[in-house]
Amino acid sequence: MQARKALRISQVGLRGVVGSGLTAAHVLEFASAFGTFLEPGGPVLVGRDPRASGVMIQEGVVAALMACGHDVITLGLVSTPVIQQSIRRLGASGGVSIGASHNAAEWNALKFFGPGGAYLSSAEAGELLDIYHLKKFRFVEWNLVGRLGCCEDAVDAYLDELARVFDLAALRNFKVVVDCTNGTSSVILRRMNERFGFRFLLINAQLEGVYFAHEPATNQRIVALQLAPLIKPLGADAGFLFDVDSDRVAMATEEGVAVSEEMVLPVLADYLLGRGPGKLIITNVSTTALLEEVASWYGGKVVRVPVGRQAAIDALSSFRPEQIAVAGEGTGAVMMPQFRFIYDGIAAMLAILSMMRERGQKLSEILARYPRYSMLKGAVPLVSTRVPEMLMELRRRNADGAVNTLDGLRVDWPDRWFHVRVSQTEPVVRVIAEQRGDPPERLFEALLDFVRAYA
Amino acid sequence: MPKREHLLKIGVSGIRGVVGEFLTPSLVSAFAQAFGTYVGGGRVVVGRDTRPTGQMVQHAVCCGLLAAGCEVMDVGVLPTPTIQVFVGCTRARGGLAVTASHNPPEYNALKMFNGRGLFFNQYERSELLDLYHQAEFRQARNEEIRRIIRDFETPPRLHIERILAHVDGERIRARRFRVALDGVNGAGSRLSCRFLEQSLGCDLHAIWVDPAQPFPREPEPRPEVLSELAELVRREGCQIGFAQDPDGDRLAVVDETGRVLDGDEVLGLAIEAVLARRPGDVVVNLTTSALAEELAARHGRKVYRTPVGEANVVETILAVGAAVGGEGSNGGIIFPGVHACRDSYTGMALLLDRMAETGEPISALAARLPRYARRYGQAPYEHGRLGSLMQELEEAFAGARLDRSDGLKLILPEGWIHLRASNTEPLLRLAAEARTADRLEELWARLQRLLGAIA
């Protein structure tokens, strides 16, 4: 029942179950904080996913931003990547995305973007949070209150940019089945069919405010649910699954096999390092070691950062864009330099299709090239006070491996590693172990037993 | 005593304040959510006047209403009476008008209506205020959040239809009156032109009918601020001139010579017009001229007196089934045949109909009204002193008949004196009336002497 009252206010923004956790009052105050935080200048863009509560939240966000003196442009039902792209195109001073992405329908959230559509850095996000807590907002005089406009062609302008990055004419003959999870990807893909003659066959394409056709997660289990069984009967080349705001993607092969969500990043690393050997892959410490193996084929290198979107965003700013091949997580959220480092499932899908075309390979053939890695994941309820002691002891017992303490404890041996860390979203300790070849069952069980002894 | 400015007022008359540091979107949304909770969800009609902060405030209102599970019917920029008529015609649970009526442009406020489109009565208002302070609002979950529907066309059409059912439109159009209009760039700007030109066939000469422009004069249509309208009437040879306030409930009238009629004369003309068609009783506030009694007596009807305030007059009109009513002191004509609310449109139609019926100029009609001399004023006032002040005045005017339902009204053989504390400012409002100017000056001088002596 805990989830039903959930509210989480953090550097990532505001997230919660509408009504029982997240209320109109939270929305107005957080949006007022953002309106105070943003420099005056260009307009602020606002878009939302199809959740019913999005209308209520948008009204509050619009009012708060206008009261802070910002002109507001609403983009309607659009994905988060479309909002980010529009911020840059329209020279906006920032934007707000209303949508809870891969969370269930009763959730909603606000994500904030600065100039250029950039994610807020940790320092900026911290400042925003301080303003929120201080509750001293910079409301302007009555005659300086912002104006409201709307932009109808945000999706088309976004597609113009995709057309500059990808050779769309060469990709449109792929027959692709897409599960839209009743979200904003359907708007984009339908338009691609109309405008560029793509052959996307869409399922769960109706925008829904209350009931999604399935849990809105992008993982192997959900791909196998409705999408994968359709691929062979329809004779499609591949299947892709998007979350509600289409920043994450998962996939299935032309044989109708649901692929692990962990594979999206290695496939794109393979493709993008092939085009730019020696570059970097930025990912977190919980992501598959297959990445190091793929990187070694091209003289590339993997930079591992703590788990969480914010750490990846901060890491990106410490390198020049041309040094980086790809950045992402094992959840199917991937950023590419060609697309200015925005988590964008649609762009990730187009990159995978481009790879299939350029290499003349089917998706299953591409995947067959990678050695098998097996990952086991678990969670143990947390007793916060004993975590440091547990991690120290775990480190002492595994002194023969290569130790990484960026986020909890990761220990690597040749062909094998584990990672134990505290979740940022739930009161649990997460345990992950991976091995080249068969699953590392004995290591995993031993870790779980060890962690449970501290629970 | 330092001047106390009421930059924010939350009380039984709702919420009103200067937008910026005082009237914030969070306060507005919370008040709207309390309203939505009070009416128990369902449809709520929302409209606004043309203040530059109107759009911002309306979005905050919508946020609060949606969060309480209400369906919002957005009717856009419309006069308050048009919104009230529409609320009464549809199956809405209530309505909210975003308008500070005749207050300066830096103010905004909410006018609240029940499901019949009537102002909340005093019991409803205090229940709502309690609910707001308890802050336990209805918090709709995602699946309980309703939509925003927009209908900008039906409300004006219904309002005009209602009015035309009560006047002889044919007769008015046949006269093709030359009419001047000062719309103060308010919510009625467009509707007033359409109503006078198309519905009533007038030859219209209008100023300040652009809702996108700021208020060109003090928003309250007092005689002192209507010189441009008077000048327009003279220059164009108009037979009558009308002026409205920003939300189109108050009406001021200029005769064909360019003289601004006072509010009691306007109300008197409206009473005449209504009683000539359909005899009935009359309801006015305590400060309205005794001409109301004389006019009613001509038709064998009686007058009910109420405390000052539109809601009080409306309550009594409905309770006694009166034919017409209003408040002479502020240009408020209330004709329940159309709707029990202050309505400048009904007022304009009644006056034009009376002119068409009698064939007389408006100055002649006004000249035939019972003649009284009136004077209004104000005096600084210390809270807590009203009681002793009233006692001393009672003793000084020992023979007077008393009405203590709103401050103190002393009814004398030669006239009357009314004094009451303002609801909005730390002021004592004074009014006096007598048969002749000489008698009035005597009364006024005596009142001033007494107030001076007491203070």
# chains A, B, ... in the order shown; residues from 1 in each chain; ligands from 1
>>> interface_residues(of="chain B", to="chain A", cutoff="6 Å", atoms="only C-alpha atoms", output="mmCIF file with N, CA and C atoms, in the first residue's frame")
data_model
loop_
_atom_site.group_PDB
_atom_site.id
_atom_site.type_symbol
_atom_site.label_atom_id
_atom_site.label_comp_id
_atom_site.auth_asym_id
_atom_site.auth_seq_id
_atom_site.Cartn_x
_atom_site.Cartn_y
_atom_site.Cartn_z
ATOM 1 N N VAL B 19 -2.431 40.935 -7.777
ATOM 2 C CA VAL B 19 -1.683 39.813 -8.327
ATOM 3 C C VAL B 19 -0.192 40.109 -8.232
ATOM 4 N N GLY B 20 0.562 39.099 -7.870
ATOM 5 C CA GLY B 20 1.998 39.255 -7.682
ATOM 6 C C GLY B 20 2.348 38.625 -6.346
ATOM 7 N N GLU B 21 2.812 39.439 -5.429
ATOM 8 C CA GLU B 21 3.209 38.898 -4.132
ATOM 9 C C GLU B 21 2.005 38.464 -3.293
ATOM 10 N N PRO B 25 -0.776 32.122 -7.522
ATOM 11 C CA PRO B 25 -1.491 30.992 -8.135
ATOM 12 C C PRO B 25 -1.781 29.872 -7.127
ATOM 13 N N SER B 26 -0.914 29.692 -6.141
ATOM 14 C CA SER B 26 -1.163 28.641 -5.148
ATOM 15 C C SER B 26 -2.424 28.939 -4.339
ATOM 16 N N MET B 56 -3.739 33.750 -16.364
ATOM 17 C CA MET B 56 -2.950 33.062 -15.347
ATOM 18 C C MET B 56 -3.852 32.575 -14.218
ATOM 19 N N HIS B 59 -6.041 29.623 -15.191
ATOM 20 C CA HIS B 59 -5.350 28.322 -15.218
ATOM 21 C C HIS B 59 -5.187 27.771 -13.804
ATOM 22 N N ALA B 60 -4.892 28.644 -12.851
ATOM 23 C CA ALA B 60 -4.778 28.189 -11.464
ATOM 24 C C ALA B 60 -6.130 27.677 -10.955
ATOM 25 N N CYS B 63 -6.750 24.251 -12.415
ATOM 26 C CA CYS B 63 -5.921 23.261 -11.737
ATOM 27 C C CYS B 63 -6.613 22.800 -10.453
ATOM 28 N N LEU B 66 -9.923 20.800 -11.244
ATOM 29 C CA LEU B 66 -9.650 19.454 -11.758
ATOM 30 C C LEU B 66 -9.125 18.560 -10.638
ATOM 31 N N GLU B 106 -4.692 45.989 -11.221
ATOM 32 C CA GLU B 106 -3.729 45.138 -10.518
ATOM 33 C C GLU B 106 -4.423 44.095 -9.643
ATOM 34 N N GLN B 139 -9.287 15.125 -3.174
ATOM 35 C CA GLN B 139 -8.089 14.931 -3.994
ATOM 36 C C GLN B 139 -8.391 13.822 -4.994
ATOM 37 N N ALA B 140 -8.729 14.189 -6.209
ATOM 38 C CA ALA B 140 -9.094 13.192 -7.215
ATOM 39 C C ALA B 140 -7.879 12.363 -7.605
ATOM 40 N N ARG B 141 -8.093 11.062 -7.753
ATOM 41 C CA ARG B 141 -7.040 10.191 -8.282
ATOM 42 C C ARG B 141 -7.053 10.293 -9.811
ATOM 43 N N ASN B 142 -6.012 9.752 -10.429
ATOM 44 C CA ASN B 142 -5.888 9.881 -11.890
ATOM 45 C C ASN B 142 -7.185 9.532 -12.617
ATOM 46 N N GLU B 143 -7.810 8.398 -12.225
ATOM 47 C CA GLU B 143 -8.999 7.954 -12.966
ATOM 48 C C GLU B 143 -10.227 8.809 -12.645
ATOM 49 N N ILE B 145 -10.002 12.214 -12.542
ATOM 50 C CA ILE B 145 -9.771 13.559 -13.068
ATOM 51 C C ILE B 145 -10.482 13.714 -14.411
#
>>> residues_around(residues="A:Ala33", least_positions_apart="6", cutoff="7 Å", atoms="only C-alpha atoms", output="NGL selection string")
:A and (128 or 131-132 or 137)
>>> write_last_selection(atoms="N, CA and C atoms", output="compact mmCIF listing (two decimals), in the first residue's frame")
# COMPACT_ATOMS: atom_id res chain seq x y z
N LEU A 128 17.17 24.36 -7.40
CA LEU A 128 15.72 24.33 -7.60
C LEU A 128 15.02 23.79 -6.34
N ILE A 131 14.99 26.33 -3.56
CA ILE A 131 13.95 27.36 -3.75
C ILE A 131 12.59 26.78 -3.36
N TYR A 132 12.36 25.54 -3.76
CA TYR A 132 11.09 24.89 -3.42
C TYR A 132 10.90 24.84 -1.91
N PHE A 137 8.98 32.60 -3.65
CA PHE A 137 8.95 32.59 -5.10
C PHE A 137 8.95 34.01 -5.65
>>> residues_around(residues="B:Val179", least_positions_apart="6", cutoff="9 Å", atoms="only C-alpha atoms", output="CSV table (one decimal) with N, CA and C atoms, in the first residue's frame")
chain,number,residue,atom,x,y,z
B,196,LEU,N,-25.8,45.3,-29.3
B,196,LEU,CA,-26.5,46.6,-29.7
B,196,LEU,C,-26.7,46.7,-31.2
B,202,CYS,N,-29.1,48.9,-33.4
B,202,CYS,CA,-28.7,50.3,-33.2
B,202,CYS,C,-27.6,50.7,-34.2
B,203,ASP,N,-27.5,52.0,-34.3
B,203,ASP,CA,-26.4,52.6,-35.1
B,203,ASP,C,-25.4,52.9,-34.0
B,204,LEU,N,-24.3,52.1,-33.9
B,204,LEU,CA,-23.5,52.1,-32.7
B,204,LEU,C,-22.2,52.9,-33.0
B,205,HIS,N,-21.9,53.7,-32.0
B,205,HIS,CA,-20.6,54.5,-32.0
B,205,HIS,C,-19.9,54.1,-30.7
B,206,ALA,N,-18.9,53.2,-30.9
B,206,ALA,CA,-18.3,52.6,-29.7
B,206,ALA,C,-16.8,53.1,-29.5
B,233,VAL,N,-21.2,61.1,-27.3
B,233,VAL,CA,-22.6,61.3,-27.4
B,233,VAL,C,-23.0,62.6,-28.1
B,236,GLU,N,-21.5,62.7,-31.9
B,236,GLU,CA,-22.1,61.9,-32.9
B,236,GLU,C,-23.7,62.1,-32.8
B,237,GLY,N,-24.1,62.9,-32.0
B,237,GLY,CA,-25.6,63.2,-31.9
B,237,GLY,C,-26.3,61.9,-31.4
B,238,CYS,N,-25.8,61.2,-30.5
B,238,CYS,CA,-26.4,59.9,-30.1
B,238,CYS,C,-27.6,60.2,-29.2
B,239,GLN,N,-28.5,59.2,-29.2
B,239,GLN,CA,-29.7,59.4,-28.3
B,239,GLN,C,-29.5,58.9,-26.9
B,240,ILE,N,-28.4,58.1,-26.8
B,240,ILE,CA,-28.1,57.6,-25.4
B,240,ILE,C,-26.7,57.0,-25.5
B,241,GLY,N,-26.0,57.0,-24.3
B,241,GLY,CA,-24.7,56.4,-24.2
B,241,GLY,C,-24.6,55.5,-23.0
B,242,PHE,N,-24.0,54.3,-23.2
B,242,PHE,CA,-23.8,53.3,-22.2
B,242,PHE,C,-22.4,53.1,-21.8
>>> select_by_dssp(residues="stretch 211-330 of chain A", states="alpha helix (DSSP H)", output="MDAnalysis selection string")
chainID A and resid 220:222 228:234 264:275 290:297 309:316
>>> residues_around(residues="stretch 40-55 of chain B", least_positions_apart="6", cutoff="6 Å", atoms="only C-alpha atoms", output="list in words")
Gly69, Cys70, Glu71, Val72, Met73, Asp74, Val75, Gly76, Val77, Ala92, Arg93, Gly94, Gly95, Leu96, Ala97, Val98, Thr99, Gly186, Ala187, Pro211 and Asp247 of chain B
>>> write_last_selection(atoms="N, CA and C atoms", output="mmCIF file, in the first residue's frame")
data_model
loop_
_atom_site.group_PDB
_atom_site.id
_atom_site.type_symbol
_atom_site.label_atom_id
_atom_site.label_comp_id
_atom_site.auth_asym_id
_atom_site.auth_seq_id
_atom_site.Cartn_x
_atom_site.Cartn_y
_atom_site.Cartn_z
ATOM 1 N N GLY B 69 -11.651 16.927 -8.783
ATOM 2 C CA GLY B 69 -12.481 15.984 -9.536
ATOM 3 C C GLY B 69 -13.600 16.640 -10.322
ATOM 4 N N CYS B 70 -13.568 17.952 -10.489
ATOM 5 C CA CYS B 70 -14.602 18.642 -11.269
ATOM 6 C C CYS B 70 -14.282 18.565 -12.758
ATOM 7 N N GLU B 71 -15.339 18.619 -13.564
ATOM 8 C CA GLU B 71 -15.157 18.821 -14.999
ATOM 9 C C GLU B 71 -15.250 20.324 -15.232
ATOM 10 N N VAL B 72 -14.297 20.884 -15.976
ATOM 11 C CA VAL B 72 -14.273 22.326 -16.177
ATOM 12 C C VAL B 72 -14.899 22.666 -17.529
ATOM 13 N N MET B 73 -15.858 23.587 -17.515
ATOM 14 C CA MET B 73 -16.402 24.132 -18.757
ATOM 15 C C MET B 73 -15.850 25.544 -18.892
ATOM 16 N N ASP B 74 -14.877 25.696 -19.782
ATOM 17 C CA ASP B 74 -14.210 26.990 -19.974
ATOM 18 C C ASP B 74 -15.013 27.795 -20.998
ATOM 19 N N VAL B 75 -15.530 28.944 -20.591
ATOM 20 C CA VAL B 75 -16.307 29.776 -21.515
ATOM 21 C C VAL B 75 -15.529 31.006 -21.972
ATOM 22 N N GLY B 76 -14.251 31.099 -21.557
ATOM 23 C CA GLY B 76 -13.394 32.160 -22.072
ATOM 24 C C GLY B 76 -13.726 33.518 -21.476
ATOM 25 N N VAL B 77 -13.421 34.555 -22.269
ATOM 26 C CA VAL B 77 -13.629 35.934 -21.811
ATOM 27 C C VAL B 77 -15.097 36.307 -22.017
ATOM 28 N N ALA B 92 -24.614 22.515 -14.598
ATOM 29 C CA ALA B 92 -23.370 22.693 -13.851
ATOM 30 C C ALA B 92 -23.658 22.713 -12.354
ATOM 31 N N ARG B 93 -22.645 22.322 -11.576
ATOM 32 C CA ARG B 93 -22.765 22.375 -10.115
ATOM 33 C C ARG B 93 -22.472 23.776 -9.594
ATOM 34 N N GLY B 94 -21.820 24.572 -10.430
ATOM 35 C CA GLY B 94 -21.472 25.912 -9.983
ATOM 36 C C GLY B 94 -20.671 26.628 -11.050
ATOM 37 N N GLY B 95 -20.259 27.837 -10.726
ATOM 38 C CA GLY B 95 -19.476 28.613 -11.674
ATOM 39 C C GLY B 95 -18.515 29.532 -10.954
ATOM 40 N N LEU B 96 -17.428 29.885 -11.644
ATOM 41 C CA LEU B 96 -16.458 30.827 -11.091
ATOM 42 C C LEU B 96 -16.125 31.848 -12.176
ATOM 43 N N ALA B 97 -16.228 33.132 -11.829
ATOM 44 C CA ALA B 97 -15.807 34.177 -12.753
ATOM 45 C C ALA B 97 -14.515 34.772 -12.202
ATOM 46 N N VAL B 98 -13.483 34.779 -13.050
ATOM 47 C CA VAL B 98 -12.207 35.388 -12.661
ATOM 48 C C VAL B 98 -12.304 36.865 -13.002
ATOM 49 N N THR B 99 -12.636 37.672 -12.014
ATOM 50 C CA THR B 99 -12.789 39.105 -12.243
ATOM 51 C C THR B 99 -12.745 39.847 -10.915
ATOM 52 N N GLY B 186 -13.423 45.849 -21.728
ATOM 53 C CA GLY B 186 -13.714 44.789 -20.769
ATOM 54 C C GLY B 186 -14.221 43.521 -21.415
ATOM 55 N N ALA B 187 -14.694 42.610 -20.568
ATOM 56 C CA ALA B 187 -15.131 41.289 -21.018
ATOM 57 C C ALA B 187 -16.313 41.386 -21.966
ATOM 58 N N PRO B 211 -10.805 43.950 -26.312
ATOM 59 C CA PRO B 211 -10.488 43.200 -25.092
ATOM 60 C C PRO B 211 -8.989 42.945 -24.913
ATOM 61 N N ASP B 247 -16.388 43.625 -16.041
ATOM 62 C CA ASP B 247 -17.072 42.340 -16.172
ATOM 63 C C ASP B 247 -18.550 42.494 -16.526
#
>>> atom_distance(atom1="atom CA of B:Leu229", atom2="atom CA of B:Ala356")
22.0 Å
>>> select_by_dssp(residues="stretch 346-453 of chain B", states="strand (DSSP E or B)", output="PDB file with N, CA and C atoms, in the first residue's frame")
ATOM      1  N   ALA B 373     -32.743  65.109  -3.983  1.00  0.00           N
ATOM      2  CA  ALA B 373     -31.330  65.485  -3.989  1.00  0.00           C
ATOM      3  C   ALA B 373     -30.579  64.445  -3.153  1.00  0.00           C
ATOM      4  N   ARG B 374     -29.423  64.022  -3.656  1.00  0.00           N
ATOM      5  CA  ARG B 374     -28.673  62.962  -2.970  1.00  0.00           C
ATOM      6  C   ARG B 374     -27.225  63.382  -2.796  1.00  0.00           C
ATOM      7  N   ARG B 375     -26.619  62.837  -1.786  1.00  0.00           N
ATOM      8  CA  ARG B 375     -25.205  63.114  -1.602  1.00  0.00           C
ATOM      9  C   ARG B 375     -24.537  61.901  -0.964  1.00  0.00           C
ATOM     10  N   TYR B 376     -23.343  61.561  -1.471  1.00  0.00           N
ATOM     11  CA  TYR B 376     -22.580  60.438  -0.916  1.00  0.00           C
ATOM     12  C   TYR B 376     -21.242  60.957  -0.430  1.00  0.00           C
ATOM     13  N   GLY B 377     -20.705  60.287   0.564  1.00  0.00           N
ATOM     14  CA  GLY B 377     -19.390  60.682   1.053  1.00  0.00           C
ATOM     15  C   GLY B 377     -18.792  59.571   1.885  1.00  0.00           C
ATOM     16  N   GLN B 378     -17.614  59.863   2.409  1.00  0.00           N
ATOM     17  CA  GLN B 378     -17.009  58.869   3.277  1.00  0.00           C
ATOM     18  C   GLN B 378     -16.237  59.586   4.369  1.00  0.00           C
ATOM     19  N   ALA B 379     -15.990  58.847   5.438  1.00  0.00           N
ATOM     20  CA  ALA B 379     -15.242  59.410   6.554  1.00  0.00           C
ATOM     21  C   ALA B 379     -14.323  58.331   7.092  1.00  0.00           C
ATOM     22  N   PRO B 380     -13.115  58.718   7.529  1.00  0.00           N
ATOM     23  CA  PRO B 380     -12.243  57.713   8.128  1.00  0.00           C
ATOM     24  C   PRO B 380     -12.920  57.146   9.367  1.00  0.00           C
ATOM     25  N   ARG B 401     -37.117  57.299  12.260  1.00  0.00           N
ATOM     26  CA  ARG B 401     -37.376  55.867  12.178  1.00  0.00           C
ATOM     27  C   ARG B 401     -36.022  55.198  11.865  1.00  0.00           C
ATOM     28  N   LEU B 402     -35.751  54.057  12.500  1.00  0.00           N
ATOM     29  CA  LEU B 402     -34.413  53.469  12.375  1.00  0.00           C
ATOM     30  C   LEU B 402     -34.442  52.162  11.590  1.00  0.00           C
ATOM     31  N   ASP B 403     -33.409  51.958  10.814  1.00  0.00           N
ATOM     32  CA  ASP B 403     -33.181  50.632  10.227  1.00  0.00           C
ATOM     33  C   ASP B 403     -31.735  50.267  10.515  1.00  0.00           C
ATOM     34  N   LEU B 408     -26.447  52.031  10.042  1.00  0.00           N
ATOM     35  CA  LEU B 408     -27.597  52.749  10.614  1.00  0.00           C
ATOM     36  C   LEU B 408     -28.238  53.612   9.547  1.00  0.00           C
ATOM     37  N   LYS B 409     -29.547  53.431   9.370  1.00  0.00           N
ATOM     38  CA  LYS B 409     -30.281  54.328   8.480  1.00  0.00           C
ATOM     39  C   LYS B 409     -31.304  55.083   9.315  1.00  0.00           C
ATOM     40  N   LEU B 410     -31.224  56.410   9.229  1.00  0.00           N
ATOM     41  CA  LEU B 410     -32.143  57.279   9.956  1.00  0.00           C
ATOM     42  C   LEU B 410     -33.150  57.811   8.953  1.00  0.00           C
ATOM     43  N   ILE B 411     -34.417  57.454   9.126  1.00  0.00           N
ATOM     44  CA  ILE B 411     -35.430  57.877   8.160  1.00  0.00           C
ATOM     45  C   ILE B 411     -36.232  58.999   8.793  1.00  0.00           C
ATOM     46  N   LEU B 412     -36.115  60.195   8.169  1.00  0.00           N
ATOM     47  CA  LEU B 412     -36.698  61.411   8.716  1.00  0.00           C
ATOM     48  C   LEU B 412     -37.830  61.872   7.808  1.00  0.00           C
ATOM     49  N   GLY B 415     -36.234  63.339   4.699  1.00  0.00           N
ATOM     50  CA  GLY B 415     -35.258  62.562   3.930  1.00  0.00           C
ATOM     51  C   GLY B 415     -34.662  61.454   4.785  1.00  0.00           C
ATOM     52  N   TRP B 416     -33.453  61.025   4.429  1.00  0.00           N
ATOM     53  CA  TRP B 416     -32.820  59.974   5.224  1.00  0.00           C
ATOM     54  C   TRP B 416     -31.316  60.116   5.212  1.00  0.00           C
ATOM     55  N   ILE B 417     -30.669  59.463   6.204  1.00  0.00           N
ATOM     56  CA  ILE B 417     -29.207  59.393   6.287  1.00  0.00           C
ATOM     57  C   ILE B 417     -28.844  57.930   6.496  1.00  0.00           C
ATOM     58  N   HIS B 418     -27.829  57.466   5.773  1.00  0.00           N
ATOM     59  CA  HIS B 418     -27.386  56.077   5.954  1.00  0.00           C
ATOM     60  C   HIS B 418     -25.879  56.077   6.148  1.00  0.00           C
ATOM     61  N   LEU B 419     -25.422  55.428   7.196  1.00  0.00           N
ATOM     62  CA  LEU B 419     -23.983  55.258   7.315  1.00  0.00           C
ATOM     63  C   LEU B 419     -23.663  53.818   7.660  1.00  0.00           C
ATOM     64  N   ARG B 420     -22.608  53.315   7.064  1.00  0.00           N
ATOM     65  CA  ARG B 420     -22.203  51.918   7.270  1.00  0.00           C
ATOM     66  C   ARG B 420     -20.709  51.796   7.072  1.00  0.00           C
ATOM     67  N   ALA B 421     -20.147  50.751   7.686  1.00  0.00           N
ATOM     68  CA  ALA B 421     -18.714  50.496   7.521  1.00  0.00           C
ATOM     69  C   ALA B 421     -18.492  49.789   6.198  1.00  0.00           C
ATOM     70  N   LEU B 427     -13.240  52.509   6.149  1.00  0.00           N
ATOM     71  CA  LEU B 427     -13.968  53.748   5.868  1.00  0.00           C
ATOM     72  C   LEU B 427     -15.404  53.611   6.336  1.00  0.00           C
ATOM     73  N   LEU B 428     -15.973  54.759   6.665  1.00  0.00           N
ATOM     74  CA  LEU B 428     -17.396  54.843   6.923  1.00  0.00           C
ATOM     75  C   LEU B 428     -18.021  55.405   5.647  1.00  0.00           C
ATOM     76  N   ARG B 429     -19.002  54.706   5.093  1.00  0.00           N
ATOM     77  CA  ARG B 429     -19.667  55.226   3.896  1.00  0.00           C
ATOM     78  C   ARG B 429     -20.932  55.964   4.318  1.00  0.00           C
ATOM     79  N   LEU B 430     -21.071  57.186   3.801  1.00  0.00           N
ATOM     80  CA  LEU B 430     -22.186  58.043   4.190  1.00  0.00           C
ATOM     81  C   LEU B 430     -23.062  58.307   2.971  1.00  0.00           C
ATOM     82  N   ALA B 431     -24.373  58.352   3.187  1.00  0.00           N
ATOM     83  CA  ALA B 431     -25.285  58.747   2.116  1.00  0.00           C
ATOM     84  C   ALA B 431     -26.450  59.485   2.750  1.00  0.00           C
ATOM     85  N   ALA B 432     -26.960  60.462   2.013  1.00  0.00           N
ATOM     86  CA  ALA B 432     -28.129  61.190   2.506  1.00  0.00           C
ATOM     87  C   ALA B 432     -28.975  61.609   1.323  1.00  0.00           C
ATOM     88  N   GLU B 433     -30.280  61.757   1.589  1.00  0.00           N
ATOM     89  CA  GLU B 433     -31.189  62.149   0.509  1.00  0.00           C
ATOM     90  C   GLU B 433     -32.277  63.039   1.107  1.00  0.00           C
ATOM     91  N   ALA B 434     -32.717  64.019   0.319  1.00  0.00           N
ATOM     92  CA  ALA B 434     -33.832  64.868   0.764  1.00  0.00           C
ATOM     93  C   ALA B 434     -34.608  65.321  -0.458  1.00  0.00           C
TER      94      ALA B 434
END
>>> residues_around(residues="stretch 153-159 of chain B", least_positions_apart="5", cutoff="7 Å", atoms="only C-alpha atoms", output="PyMOL selection string")
chain B and resi 82-83+85-86
>>> write_last_selection(atoms="N, CA and C atoms", output="PDB file, in the first residue's frame")
ATOM      1  N   THR B  82     -23.351  36.965 -18.193  1.00  0.00           N
ATOM      2  CA  THR B  82     -23.443  35.944 -19.242  1.00  0.00           C
ATOM      3  C   THR B  82     -23.047  34.581 -18.667  1.00  0.00           C
ATOM      4  N   ILE B  83     -21.998  34.580 -17.839  1.00  0.00           N
ATOM      5  CA  ILE B  83     -21.554  33.339 -17.203  1.00  0.00           C
ATOM      6  C   ILE B  83     -22.639  32.829 -16.257  1.00  0.00           C
ATOM      7  N   VAL B  85     -25.921  33.375 -16.304  1.00  0.00           N
ATOM      8  CA  VAL B  85     -27.063  32.844 -17.052  1.00  0.00           C
ATOM      9  C   VAL B  85     -26.743  31.433 -17.540  1.00  0.00           C
ATOM     10  N   PHE B  86     -25.523  31.259 -18.043  1.00  0.00           N
ATOM     11  CA  PHE B  86     -25.136  29.961 -18.600  1.00  0.00           C
ATOM     12  C   PHE B  86     -25.090  28.888 -17.514  1.00  0.00           C
TER      13      PHE B  86
END
>>> closest_residue(among="A:Pro277, A:Pro381, A:Gly16, A:Gly328", to="A:Glu261", atoms="only C-alpha atoms")
A:Gly328
>>> atom_distance(atom1="atom CA of A:Leu168", atom2="atom CA of A:Ala228")
24.4 Å
>>> decode(residues="stretch 158-165 of chain A", atoms="N, CA and C atoms", output="PDB file, in the first residue's frame")
ATOM      1  N   TYR A 158      10.472  18.175 -34.843  1.00  0.00           N
ATOM      2  CA  TYR A 158      11.305  17.107 -34.283  1.00  0.00           C
ATOM      3  C   TYR A 158      11.664  16.094 -35.375  1.00  0.00           C
ATOM      4  N   LEU A 159      10.679  15.770 -36.208  1.00  0.00           N
ATOM      5  CA  LEU A 159      10.945  14.822 -37.293  1.00  0.00           C
ATOM      6  C   LEU A 159      11.925  15.412 -38.307  1.00  0.00           C
ATOM      7  N   ASP A 160      11.863  16.732 -38.517  1.00  0.00           N
ATOM      8  CA  ASP A 160      12.842  17.379 -39.402  1.00  0.00           C
ATOM      9  C   ASP A 160      14.256  17.100 -38.898  1.00  0.00           C
ATOM     10  N   GLU A 161      14.422  17.173 -37.579  1.00  0.00           N
ATOM     11  CA  GLU A 161      15.758  16.935 -37.028  1.00  0.00           C
ATOM     12  C   GLU A 161      16.162  15.469 -37.165  1.00  0.00           C
ATOM     13  N   LEU A 162      15.213  14.560 -36.917  1.00  0.00           N
ATOM     14  CA  LEU A 162      15.513  13.135 -37.114  1.00  0.00           C
ATOM     15  C   LEU A 162      15.948  12.896 -38.560  1.00  0.00           C
ATOM     16  N   ALA A 163      15.294  13.603 -39.495  1.00  0.00           N
ATOM     17  CA  ALA A 163      15.603  13.414 -40.915  1.00  0.00           C
ATOM     18  C   ALA A 163      17.001  13.911 -41.258  1.00  0.00           C
ATOM     19  N   ARG A 164      17.516  14.865 -40.473  1.00  0.00           N
ATOM     20  CA  ARG A 164      18.883  15.325 -40.714  1.00  0.00           C
ATOM     21  C   ARG A 164      19.911  14.329 -40.192  1.00  0.00           C
ATOM     22  N   VAL A 165      19.552  13.595 -39.128  1.00  0.00           N
ATOM     23  CA  VAL A 165      20.490  12.670 -38.494  1.00  0.00           C
ATOM     24  C   VAL A 165      20.469  11.306 -39.170  1.00  0.00           C
TER      25      VAL A 165
END
